[in-house]
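Report on the following structure.
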Amino acid sequence: MTPLEFDQHHLWHPYTNVAKPGPTFRVSEAEGAWITLDDGTRLIDGMSSWWCMLHGHRHPVITKAIHDQLDRLPHVMFGGLTHDPAIELGRKLLDMTPPSLQRIFYCDSGSVAVEVGMKMAVQYQHAVGQPQRTKFVTIRSGYHGDTWKAMSVCDPVTGMHHLFQGAVSVQYFIDKPSVRITDDWIEDDVQNGLAQLRQTLERHEDIAAFILEPVVQGTGGMYFFHPEYLNQARAICDAHGVLLIFDEIATGFGRTGKLFATDHTTIEPDILCLGKALTGGHISFACTMTNDRVALGIGHGEPGIFMHGPTFMANPLACAAAKASLDLLSTGEWQDQTRRISDQMKTELAAAHTMPGVADVRVLGGIAVIEMDHVVSADKAHGLAKETGVYLRPFGKNIYTMPPFICSTEELSQISAALLRLAGEL
Ligand code: PMP
């Protein structure tokens with residue numbers, strides 16, 4: 001059996017059918033914006049490896065931080081013990097995130113960060129005498145991960161809730177905000193969607209929190225909505241004793257052109273979930289941050305302890321990688337980089353507006369999307385990767401890129417040419 005045959009017969013890949021495994025490339029190494037295949041082909045990673053490889057692959061500052069940490073303390077349990085990488089990362093996170101978020105819970109992956117955030121909300125409500133508040137409201141077309149509670153707040157259609165009926169918790173869904181980030185805000189609550197939120201919170205006293213991806217809905221459709229929706233949603237949540245959870249796993253760390261999507265708003269969430277680019281994509285890690293109201297609310301309630309504690313909580317290698325990645329962000333270079341990505345993509349993708357089959361073209365920060373009027377095939381895009389020299393993995397109707405911030409002008413041009421070619425051929 002060749003290595004690829006072994007892979008096809010034994011290794012499950014994301015969202016695949018083992019009876020009909022999709023095409024797969026064998027990657028031998030990666031550096032900067034580039035991944036190298038076993039046959040020597042080099043492809044630009046137009047996906048930043050599912051949106052996490054912010055500063056490029058194998059960044060020397062991050063790999064050195066991991067190597068140094070490996071030589072001292074690769075792992076130790078976090079129960080009753082602590083270490084400098086966790087503390088230093090914590091200080092850095094507090095410097096960068098909204099000031100009210102003073103408590104950090106480290107965990108393993110984005111989905112777990114969402115589980116932790118949802119659990120915090122339920123435990124807080126229980127602690128403050130609202131034990132009936134165990135459910136969640138969210139907007140349609142969202143995506144929050146593949147674990148059970150996270151899945152329950154993913155879009156009910158694309159998240160295929162019907163497949164898991166009876167197993168996945170039933171939550172409240174309202175329409176996604178109708179006003180786009182590029183449009184003028186509409187002050188009419190029925191039109192902008194806030195009336196639905198208000199009505200849902202008025203009618204149902206079993207809601208613990210409103211959870212959503214702020215400003216950019218990622219996997220659910222690459223939709224960019226108006227931040228004013230979030231400002232006003234905050235007030236509605238407050239009026240009904242409902243917490244506000246922002247899932248910034250995809251949007252965090254500069255991707256939308258602001259350090260956090262929250263920075264497009266004038267408010268702060270009660271709970272913030274971070275992951276993906278937290279370590280510059282070099283190692284799996286995530287965290288859930290919250291304010292003192294929630295943390296101390298839980299602490300002063302019964303039983304007081306927060307009921308979560310993963311084995312690899314605050315893994316020192318991951319903390320060291322994350323601290324190094326945040327140090328790179330602290331230089332502020334990401335601002336010029338994302339501005340350059342967005343300016344260049346806007347110019348180079350302008351041609352897509354008039355192409356047949358294209359429904360919309362949109363760019364925000366380091367995200368560029370060509371939305372088609374039909375569903376496109378990721379497998380066909382895979383087939384074109386070696387010809388375009390760019391690895392892209394469209395989903396649904398969206399052909400998109402979230403390039404590493406370090407991409408050069410030439411590399412970005414190669415990505416936009418690939419996007420246009422895919423839009424023409426898929
Ligand atoms: N939330 C959002 C907004 C995401 O985009 C993702 C991953 N695409 C997740 C949660 C889940 O993260 P992970 O895949 O690390 O579990």
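Identifiers in this document derive from the order of the structure tokens: chains are assigned A, B, ..., residues are numbered from 1 separately in each chain, and ligands are numbered from 1 in order of occurrence.
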Where in region 147-395 of chain A does DSSP assign alpha helix (DSSP H), given as a compact mmCIF listing (two decimals) with N, CA, C and O atoms, in the first residue's frame?
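File produced: states.txt:
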# COMPACT_ATOMS: atom_id res chain seq x y z
N TRP A 148 -21.43 18.81 20.42
CA TRP A 148 -22.89 18.81 20.48
C TRP A 148 -23.53 20.17 20.75
O TRP A 148 -24.44 20.57 20.04
N LYS A 149 -23.08 20.87 21.79
CA LYS A 149 -23.73 22.14 22.12
C LYS A 149 -23.44 23.17 21.03
O LYS A 149 -24.29 23.94 20.63
N ALA A 150 -22.17 23.16 20.54
CA ALA A 150 -21.79 24.08 19.47
C ALA A 150 -22.65 23.80 18.24
O ALA A 150 -23.17 24.73 17.59
N MET A 151 -22.83 22.53 17.94
CA MET A 151 -23.61 22.14 16.76
C MET A 151 -25.07 22.60 16.89
O MET A 151 -25.70 22.97 15.90
N SER A 152 -25.57 22.62 18.12
CA SER A 152 -26.98 22.99 18.31
C SER A 152 -27.24 24.44 17.91
O SER A 152 -28.38 24.80 17.62
N ASP A 189 -36.60 48.39 13.46
CA ASP A 189 -36.27 47.10 14.10
C ASP A 189 -36.84 45.88 13.38
O ASP A 189 -36.29 44.79 13.49
N VAL A 190 -37.96 46.07 12.68
CA VAL A 190 -38.52 44.93 11.94
C VAL A 190 -37.61 44.64 10.76
O VAL A 190 -37.23 43.49 10.51
N GLN A 191 -37.20 45.70 10.09
CA GLN A 191 -36.34 45.50 8.91
C GLN A 191 -34.92 45.06 9.27
O GLN A 191 -34.34 44.23 8.58
N ASN A 192 -34.38 45.59 10.35
CA ASN A 192 -32.98 45.23 10.65
C ASN A 192 -32.85 43.92 11.43
O ASN A 192 -31.74 43.44 11.67
N LEU A 194 -33.79 43.26 14.60
CA LEU A 194 -33.72 43.31 16.07
C LEU A 194 -35.08 43.04 16.72
O LEU A 194 -35.13 42.56 17.87
N ALA A 195 -36.17 43.29 15.98
CA ALA A 195 -37.50 43.01 16.54
C ALA A 195 -37.62 41.52 16.86
O ALA A 195 -38.17 41.13 17.89
N GLN A 196 -37.06 40.68 15.99
CA GLN A 196 -37.12 39.23 16.23
C GLN A 196 -36.37 38.84 17.50
O GLN A 196 -36.81 37.98 18.25
N LEU A 197 -35.24 39.49 17.71
CA LEU A 197 -34.45 39.19 18.92
C LEU A 197 -35.27 39.59 20.15
O LEU A 197 -35.42 38.82 21.10
N ARG A 198 -35.82 40.82 20.10
CA ARG A 198 -36.56 41.33 21.26
C ARG A 198 -37.74 40.40 21.57
O ARG A 198 -37.95 39.99 22.72
N GLN A 199 -38.50 40.05 20.51
CA GLN A 199 -39.68 39.19 20.72
C GLN A 199 -39.28 37.83 21.30
O GLN A 199 -39.94 37.32 22.20
N THR A 200 -38.21 37.28 20.78
CA THR A 200 -37.79 35.95 21.27
C THR A 200 -37.42 36.03 22.74
O THR A 200 -37.80 35.15 23.53
N LEU A 201 -36.71 37.08 23.13
CA LEU A 201 -36.31 37.19 24.53
C LEU A 201 -37.51 37.52 25.43
O LEU A 201 -37.55 37.10 26.59
N GLU A 202 -38.49 38.26 24.87
CA GLU A 202 -39.69 38.56 25.66
C GLU A 202 -40.52 37.30 25.90
O GLU A 202 -41.04 37.07 26.98
N ARG A 203 -40.63 36.49 24.86
CA ARG A 203 -41.51 35.32 24.93
C ARG A 203 -40.93 34.15 25.71
O ARG A 203 -41.66 33.35 26.25
N GLU A 228 -23.78 47.79 13.93
CA GLU A 228 -24.79 48.45 14.77
C GLU A 228 -25.80 47.43 15.31
O GLU A 228 -26.37 47.62 16.39
N TYR A 229 -26.01 46.35 14.56
CA TYR A 229 -26.89 45.29 15.04
C TYR A 229 -26.42 44.81 16.42
O TYR A 229 -27.22 44.58 17.32
N LEU A 230 -25.11 44.69 16.56
CA LEU A 230 -24.54 44.15 17.80
C LEU A 230 -24.66 45.16 18.94
O LEU A 230 -24.94 44.79 20.07
N ASN A 231 -24.45 46.45 18.61
CA ASN A 231 -24.59 47.48 19.65
C ASN A 231 -25.99 47.43 20.25
O ASN A 231 -26.16 47.47 21.46
N GLN A 232 -26.98 47.33 19.38
CA GLN A 232 -28.36 47.37 19.87
C GLN A 232 -28.77 46.03 20.48
O GLN A 232 -29.56 45.99 21.43
N ALA A 233 -28.22 44.94 19.97
CA ALA A 233 -28.51 43.62 20.56
C ALA A 233 -28.02 43.57 22.00
O ALA A 233 -28.66 42.96 22.87
N ARG A 234 -26.89 44.20 22.26
CA ARG A 234 -26.33 44.25 23.62
C ARG A 234 -27.38 44.81 24.60
O ARG A 234 -27.64 44.25 25.65
N ALA A 235 -28.00 45.93 24.21
CA ALA A 235 -28.98 46.58 25.08
C ALA A 235 -30.20 45.69 25.28
O ALA A 235 -30.75 45.59 26.38
N ILE A 236 -30.60 45.01 24.22
CA ILE A 236 -31.78 44.13 24.32
C ILE A 236 -31.47 42.95 25.26
O ILE A 236 -32.28 42.59 26.11
N CYS A 237 -30.30 42.37 25.11
CA CYS A 237 -29.89 41.27 26.00
C CYS A 237 -29.89 41.75 27.45
O CYS A 237 -30.42 41.07 28.34
N ASP A 238 -29.30 42.92 27.68
CA ASP A 238 -29.22 43.44 29.06
C ASP A 238 -30.62 43.62 29.66
O ASP A 238 -30.85 43.30 30.81
N ALA A 239 -31.52 44.13 28.85
CA ALA A 239 -32.88 44.39 29.35
C ALA A 239 -33.59 43.09 29.75
O ALA A 239 -34.54 43.12 30.53
N ASP A 292 -15.97 39.85 34.99
CA ASP A 292 -16.10 39.49 36.41
C ASP A 292 -17.54 39.19 36.79
O ASP A 292 -17.78 38.38 37.68
N ARG A 293 -18.47 39.85 36.12
CA ARG A 293 -19.88 39.61 36.45
C ARG A 293 -20.19 38.11 36.30
O ARG A 293 -20.77 37.48 37.18
N VAL A 294 -19.77 37.53 35.16
CA VAL A 294 -20.05 36.12 34.91
C VAL A 294 -19.16 35.24 35.79
O VAL A 294 -19.63 34.32 36.47
N ALA A 295 -17.86 35.54 35.80
CA ALA A 295 -16.92 34.68 36.53
C ALA A 295 -17.24 34.67 38.03
O ALA A 295 -17.30 33.60 38.65
N LEU A 296 -17.45 35.86 38.59
CA LEU A 296 -17.72 35.91 40.03
C LEU A 296 -19.15 35.47 40.33
O LEU A 296 -19.43 34.93 41.40
N GLY A 297 -20.04 35.70 39.36
CA GLY A 297 -21.42 35.19 39.51
C GLY A 297 -21.37 33.68 39.71
O GLY A 297 -21.99 33.13 40.63
N ILE A 298 -20.62 33.01 38.85
CA ILE A 298 -20.47 31.55 38.97
C ILE A 298 -19.79 31.23 40.30
O ILE A 298 -20.22 30.35 41.06
N GLY A 299 -18.74 32.00 40.61
CA GLY A 299 -17.94 31.74 41.81
C GLY A 299 -18.72 31.88 43.10
O GLY A 299 -18.48 31.16 44.07
N HIS A 300 -19.66 32.82 43.12
CA HIS A 300 -20.42 33.04 44.35
C HIS A 300 -21.68 32.19 44.41
O HIS A 300 -22.42 32.23 45.39
N PRO A 316 1.65 24.21 27.85
CA PRO A 316 2.73 25.22 27.75
C PRO A 316 3.23 25.45 26.32
O PRO A 316 3.58 26.58 25.97
N LEU A 317 3.28 24.39 25.50
CA LEU A 317 3.74 24.57 24.11
C LEU A 317 2.78 25.50 23.37
O LEU A 317 3.20 26.41 22.64
N ALA A 318 1.49 25.26 23.57
CA ALA A 318 0.48 26.08 22.89
C ALA A 318 0.51 27.51 23.43
O ALA A 318 0.40 28.47 22.66
N CYS A 319 0.66 27.66 24.75
CA CYS A 319 0.72 29.01 25.33
C CYS A 319 1.92 29.77 24.77
O CYS A 319 1.83 30.96 24.45
N ALA A 320 3.07 29.08 24.66
CA ALA A 320 4.28 29.74 24.15
C ALA A 320 4.09 30.15 22.69
O ALA A 320 4.47 31.26 22.29
N ALA A 321 3.46 29.27 21.90
CA ALA A 321 3.21 29.60 20.49
C ALA A 321 2.27 30.80 20.41
O ALA A 321 2.48 31.73 19.62
N ALA A 322 1.22 30.79 21.23
CA ALA A 322 0.24 31.89 21.19
C ALA A 322 0.88 33.20 21.61
O ALA A 322 0.66 34.24 20.98
N LYS A 323 1.70 33.15 22.65
CA LYS A 323 2.36 34.38 23.11
C LYS A 323 3.24 34.93 21.98
O LYS A 323 3.25 36.15 21.71
N ALA A 324 3.96 34.04 21.28
CA ALA A 324 4.83 34.48 20.19
C ALA A 324 4.00 35.09 19.06
O ALA A 324 4.35 36.12 18.48
N SER A 325 2.87 34.47 18.76
CA SER A 325 2.01 34.99 17.69
C SER A 325 1.45 36.36 18.06
O SER A 325 1.39 37.27 17.23
N LEU A 326 1.04 36.50 19.33
CA LEU A 326 0.50 37.80 19.76
C LEU A 326 1.60 38.87 19.77
O LEU A 326 1.34 40.04 19.47
N ASP A 327 2.84 38.46 20.10
CA ASP A 327 3.96 39.42 20.03
C ASP A 327 4.12 39.92 18.59
O ASP A 327 4.36 41.11 18.35
N LEU A 328 3.99 39.00 17.63
CA LEU A 328 4.10 39.41 16.21
C LEU A 328 2.97 40.38 15.85
O LEU A 328 3.18 41.37 15.15
N LEU A 329 1.77 40.10 16.38
CA LEU A 329 0.65 41.01 16.10
C LEU A 329 0.88 42.38 16.74
O LEU A 329 0.47 43.40 16.20
N SER A 330 1.55 42.37 17.89
CA SER A 330 1.75 43.64 18.62
C SER A 330 2.61 44.64 17.86
O SER A 330 2.59 45.83 18.19
N GLU A 333 1.95 45.45 12.41
CA GLU A 333 2.12 45.28 10.96
C GLU A 333 0.87 44.70 10.30
O GLU A 333 0.60 44.95 9.13
N TRP A 334 0.10 43.93 11.09
CA TRP A 334 -1.11 43.30 10.53
C TRP A 334 -2.06 44.35 9.95
O TRP A 334 -2.80 44.05 9.01
N GLN A 335 -1.99 45.58 10.47
CA GLN A 335 -2.92 46.59 9.96
C GLN A 335 -2.62 46.94 8.50
O GLN A 335 -3.52 46.99 7.67
N ASP A 336 -1.32 47.17 8.22
CA ASP A 336 -0.93 47.45 6.83
C ASP A 336 -1.18 46.22 5.97
O ASP A 336 -1.62 46.34 4.82
N GLN A 337 -0.87 45.05 6.54
CA GLN A 337 -1.02 43.83 5.74
C GLN A 337 -2.48 43.59 5.34
O GLN A 337 -2.78 43.32 4.18
N THR A 338 -3.39 43.73 6.30
CA THR A 338 -4.80 43.46 5.95
C THR A 338 -5.36 44.56 5.05
O THR A 338 -6.19 44.30 4.18
N ARG A 339 -4.86 45.79 5.24
CA ARG A 339 -5.32 46.88 4.36
C ARG A 339 -4.85 46.59 2.92
O ARG A 339 -5.60 46.74 1.97
N ARG A 340 -3.61 46.11 2.82
CA ARG A 340 -3.06 45.80 1.49
C ARG A 340 -3.84 44.65 0.85
O ARG A 340 -4.21 44.70 -0.32
N ILE A 341 -4.14 43.62 1.65
CA ILE A 341 -4.90 42.48 1.10
C ILE A 341 -6.25 42.99 0.60
O ILE A 341 -6.67 42.69 -0.51
N SER A 342 -6.91 43.80 1.42
CA SER A 342 -8.26 44.19 1.02
C SER A 342 -8.24 45.14 -0.18
O SER A 342 -9.04 45.00 -1.11
N ASP A 343 -7.29 46.09 -0.22
CA ASP A 343 -7.21 47.01 -1.38
C ASP A 343 -6.94 46.22 -2.66
O ASP A 343 -7.59 46.41 -3.69
N GLN A 344 -5.95 45.32 -2.56
CA GLN A 344 -5.56 44.58 -3.77
C GLN A 344 -6.68 43.64 -4.24
O GLN A 344 -6.95 43.54 -5.44
N MET A 345 -7.32 42.98 -3.29
CA MET A 345 -8.40 42.05 -3.66
C MET A 345 -9.57 42.81 -4.29
O MET A 345 -10.17 42.35 -5.26
N LYS A 346 -9.89 43.98 -3.71
CA LYS A 346 -11.00 44.77 -4.28
C LYS A 346 -10.71 45.11 -5.73
O LYS A 346 -11.58 45.00 -6.59
N THR A 347 -9.48 45.56 -6.00
CA THR A 347 -9.12 45.93 -7.37
C THR A 347 -9.11 44.71 -8.29
O THR A 347 -9.73 44.72 -9.36
N GLU A 348 -8.43 43.67 -7.84
CA GLU A 348 -8.22 42.54 -8.75
C GLU A 348 -9.46 41.67 -8.94
O GLU A 348 -9.59 40.99 -9.96
N ALA A 378 -15.91 21.62 -4.28
CA ALA A 378 -14.57 21.74 -3.66
C ALA A 378 -13.60 20.78 -4.35
O ALA A 378 -12.42 21.08 -4.51
N ASP A 379 -14.12 19.63 -4.80
CA ASP A 379 -13.25 18.65 -5.45
C ASP A 379 -12.71 19.21 -6.77
O ASP A 379 -11.55 18.98 -7.13
N LYS A 380 -13.56 19.95 -7.50
CA LYS A 380 -13.08 20.53 -8.77
C LYS A 380 -12.02 21.59 -8.50
O LYS A 380 -11.03 21.70 -9.22
N ALA A 381 -12.24 22.38 -7.44
CA ALA A 381 -11.24 23.40 -7.07
C ALA A 381 -9.93 22.71 -6.73
O ALA A 381 -8.84 23.17 -7.09
N HIS A 382 -10.03 21.58 -6.05
CA HIS A 382 -8.87 20.79 -5.70
C HIS A 382 -8.13 20.38 -6.98
O HIS A 382 -6.90 20.49 -7.08
N GLY A 383 -8.90 19.96 -7.97
CA GLY A 383 -8.32 19.53 -9.24
C GLY A 383 -7.59 20.66 -9.94
O GLY A 383 -6.60 20.42 -10.65
N LEU A 384 -8.06 21.89 -9.74
CA LEU A 384 -7.43 23.03 -10.42
C LEU A 384 -6.24 23.61 -9.65
O LEU A 384 -5.50 24.45 -10.18
N ALA A 385 -6.05 23.14 -8.43
CA ALA A 385 -5.01 23.75 -7.57
C ALA A 385 -3.63 23.71 -8.22
O ALA A 385 -2.89 24.70 -8.20
N LYS A 386 -3.30 22.55 -8.82
CA LYS A 386 -1.94 22.44 -9.37
C LYS A 386 -1.77 23.36 -10.59
O LYS A 386 -0.68 23.82 -10.87
N GLU A 387 -2.89 23.61 -11.30
CA GLU A 387 -2.79 24.51 -12.46
C GLU A 387 -2.69 25.97 -12.03
O GLU A 387 -1.96 26.75 -12.63
N THR A 388 -3.46 26.34 -10.98
CA THR A 388 -3.44 27.75 -10.55
C THR A 388 -2.29 28.03 -9.59
O THR A 388 -1.93 29.18 -9.37
Could you produce a table of the residues of chain A lying within 10 Å of ligand 1, with the nearest pair of atoms per residue and their separation in Å rounded to one decimal, using only C-alpha atoms and all ligand atoms, ordered by chain and increasing residue number, as a Markdown table?
| residue | atom | partner | partner_atom_place_in_ligand_line | distance |
| --- | --- | --- | --- | --- |
| A:Trp50 | CA | ligand 1 | 8 (N) | 7.0 |
| A:Trp51 | CA | ligand 1 | 8 (N) | 7.9 |
| A:Cys52 | CA | ligand 1 | 15 (O) | 9.3 |
| A:Asp108 | CA | ligand 1 | 15 (O) | 8.0 |
| A:Ser109 | CA | ligand 1 | 15 (O) | 4.2 |
| A:Gly110 | CA | ligand 1 | 12 (O) | 3.3 |
| A:Ser111 | CA | ligand 1 | 16 (O) | 3.6 |
| A:Val112 | CA | ligand 1 | 16 (O) | 6.4 |
| A:Ala113 | CA | ligand 1 | 10 (C) | 7.8 |
| A:Val114 | CA | ligand 1 | 10 (C) | 6.7 |
| A:Glu115 | CA | ligand 1 | 10 (C) | 9.7 |
| A:Gly142 | CA | ligand 1 | 3 (C) | 7.6 |
| A:Tyr143 | CA | ligand 1 | 3 (C) | 5.4 |
| A:His144 | CA | ligand 1 | 1 (N) | 3.6 |
| A:Gly145 | CA | ligand 1 | 11 (C) | 3.7 |
| A:Asp146 | CA | ligand 1 | 16 (O) | 6.5 |
| A:Thr147 | CA | ligand 1 | 16 (O) | 7.7 |
| A:Ala150 | CA | ligand 1 | 10 (C) | 7.6 |
| A:Met151 | CA | ligand 1 | 10 (C) | 9.4 |
| A:Cys154 | CA | ligand 1 | 1 (N) | 9.1 |
| A:Leu212 | CA | ligand 1 | 3 (C) | 8.2 |
| A:Glu213 | CA | ligand 1 | 3 (C) | 5.9 |
| A:Pro214 | CA | ligand 1 | 3 (C) | 9.0 |
| A:Val216 | CA | ligand 1 | 3 (C) | 8.7 |
| A:Gln217 | CA | ligand 1 | 3 (C) | 7.1 |
| A:Gly218 | CA | ligand 1 | 5 (O) | 5.7 |
| A:Thr219 | CA | ligand 1 | 5 (O) | 5.9 |
| A:Gly220 | CA | ligand 1 | 5 (O) | 8.6 |
| A:Phe246 | CA | ligand 1 | 3 (C) | 9.0 |
| A:Asp247 | CA | ligand 1 | 3 (C) | 5.6 |
| A:Glu248 | CA | ligand 1 | 3 (C) | 6.0 |
| A:Ile249 | CA | ligand 1 | 2 (C) | 4.8 |
| A:Ala250 | CA | ligand 1 | 5 (O) | 4.5 |
| A:Thr251 | CA | ligand 1 | 3 (C) | 7.3 |
| A:Gly252 | CA | ligand 1 | 3 (C) | 9.5 |
| A:Cys273 | CA | ligand 1 | 1 (N) | 7.9 |
| A:Leu274 | CA | ligand 1 | 1 (N) | 8.3 |
| A:Gly275 | CA | ligand 1 | 15 (O) | 6.2 |
| A:Lys276 | CA | ligand 1 | 15 (O) | 5.8 |
| A:Ala277 | CA | ligand 1 | 15 (O) | 9.7 |
| A:Ser284 | CA | ligand 1 | 15 (O) | 7.4 |
| A:Phe285 | CA | ligand 1 | 15 (O) | 7.8 |
| A:Ala286 | CA | ligand 1 | 15 (O) | 7.5 |
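CA of His67 (chain A) is found 21.3 Å from CA of Ile35 (chain A).
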*Using only C-alpha atoms, find the one residue out of A:Glu425, A:Glu410, A:Asp155, A:Glu5 that sits nearest to Gln171 (chain A).*
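Comparing A:Glu425, A:Glu410, A:Asp155, A:Glu5 against Gln171 (chain A), the winner is A:Asp155.
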*Determine, counting only C-alpha atoms, which protein, DNA and RNA residues have an atom within 9 Å of an atom of Asp206 (chain A); residues of the same chain fewer than 5 positions away are not included. Present the result as a PyMOL selection string.*
chain A and resi 130-136+201
With N, CA, C and O atoms retained, write the just-selected residues as a PDB file, in the first residue's frame.
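The result, stored in out08.pdb:
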ATOM      1  N   GLN A 130     -31.549  31.817  38.198  1.00  0.00           N
ATOM      2  CA  GLN A 130     -32.340  31.651  36.957  1.00  0.00           C
ATOM      3  C   GLN A 130     -32.067  30.254  36.368  1.00  0.00           C
ATOM      4  O   GLN A 130     -31.632  30.145  35.218  1.00  0.00           O
ATOM      5  N   PRO A 131     -32.298  29.197  37.131  1.00  0.00           N
ATOM      6  CA  PRO A 131     -31.910  27.858  36.654  1.00  0.00           C
ATOM      7  C   PRO A 131     -32.688  27.402  35.423  1.00  0.00           C
ATOM      8  O   PRO A 131     -32.258  26.472  34.736  1.00  0.00           O
ATOM      9  N   GLN A 132     -33.817  28.065  35.153  1.00  0.00           N
ATOM     10  CA  GLN A 132     -34.594  27.684  33.949  1.00  0.00           C
ATOM     11  C   GLN A 132     -33.928  28.198  32.670  1.00  0.00           C
ATOM     12  O   GLN A 132     -34.282  27.786  31.565  1.00  0.00           O
ATOM     13  N   ARG A 133     -32.967  29.099  32.806  1.00  0.00           N
ATOM     14  CA  ARG A 133     -32.305  29.680  31.616  1.00  0.00           C
ATOM     15  C   ARG A 133     -31.195  28.736  31.148  1.00  0.00           C
ATOM     16  O   ARG A 133     -30.024  28.891  31.512  1.00  0.00           O
ATOM     17  N   THR A 134     -31.573  27.760  30.324  1.00  0.00           N
ATOM     18  CA  THR A 134     -30.598  26.759  29.862  1.00  0.00           C
ATOM     19  C   THR A 134     -30.472  26.730  28.334  1.00  0.00           C
ATOM     20  O   THR A 134     -29.705  25.951  27.792  1.00  0.00           O
ATOM     21  N   LYS A 135     -31.275  27.565  27.661  1.00  0.00           N
ATOM     22  CA  LYS A 135     -31.248  27.502  26.190  1.00  0.00           C
ATOM     23  C   LYS A 135     -30.531  28.721  25.596  1.00  0.00           C
ATOM     24  O   LYS A 135     -30.173  29.655  26.303  1.00  0.00           O
ATOM     25  N   PHE A 136     -30.410  28.704  24.266  1.00  0.00           N
ATOM     26  CA  PHE A 136     -29.671  29.766  23.580  1.00  0.00           C
ATOM     27  C   PHE A 136     -30.462  30.277  22.396  1.00  0.00           C
ATOM     28  O   PHE A 136     -31.225  29.528  21.776  1.00  0.00           O
ATOM     29  N   LEU A 201     -36.708  37.078  23.129  1.00  0.00           N
ATOM     30  CA  LEU A 201     -36.308  37.195  24.534  1.00  0.00           C
ATOM     31  C   LEU A 201     -37.506  37.517  25.431  1.00  0.00           C
ATOM     32  O   LEU A 201     -37.548  37.102  26.591  1.00  0.00           O
TER      33      LEU A 201
END
*Any idea what the distance is between CA of Val27 (chain A) and CA of Met53 (chain A)?*
15.5 Å
_Given only C-alpha atoms as the basis, pick out the residue of A:Asp7, A:Asp184, A:Glu31, A:Asp84 nearest to Asn315 (chain A)._
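Smallest separation from Asn315 (chain A) among the options: A:Asp84.
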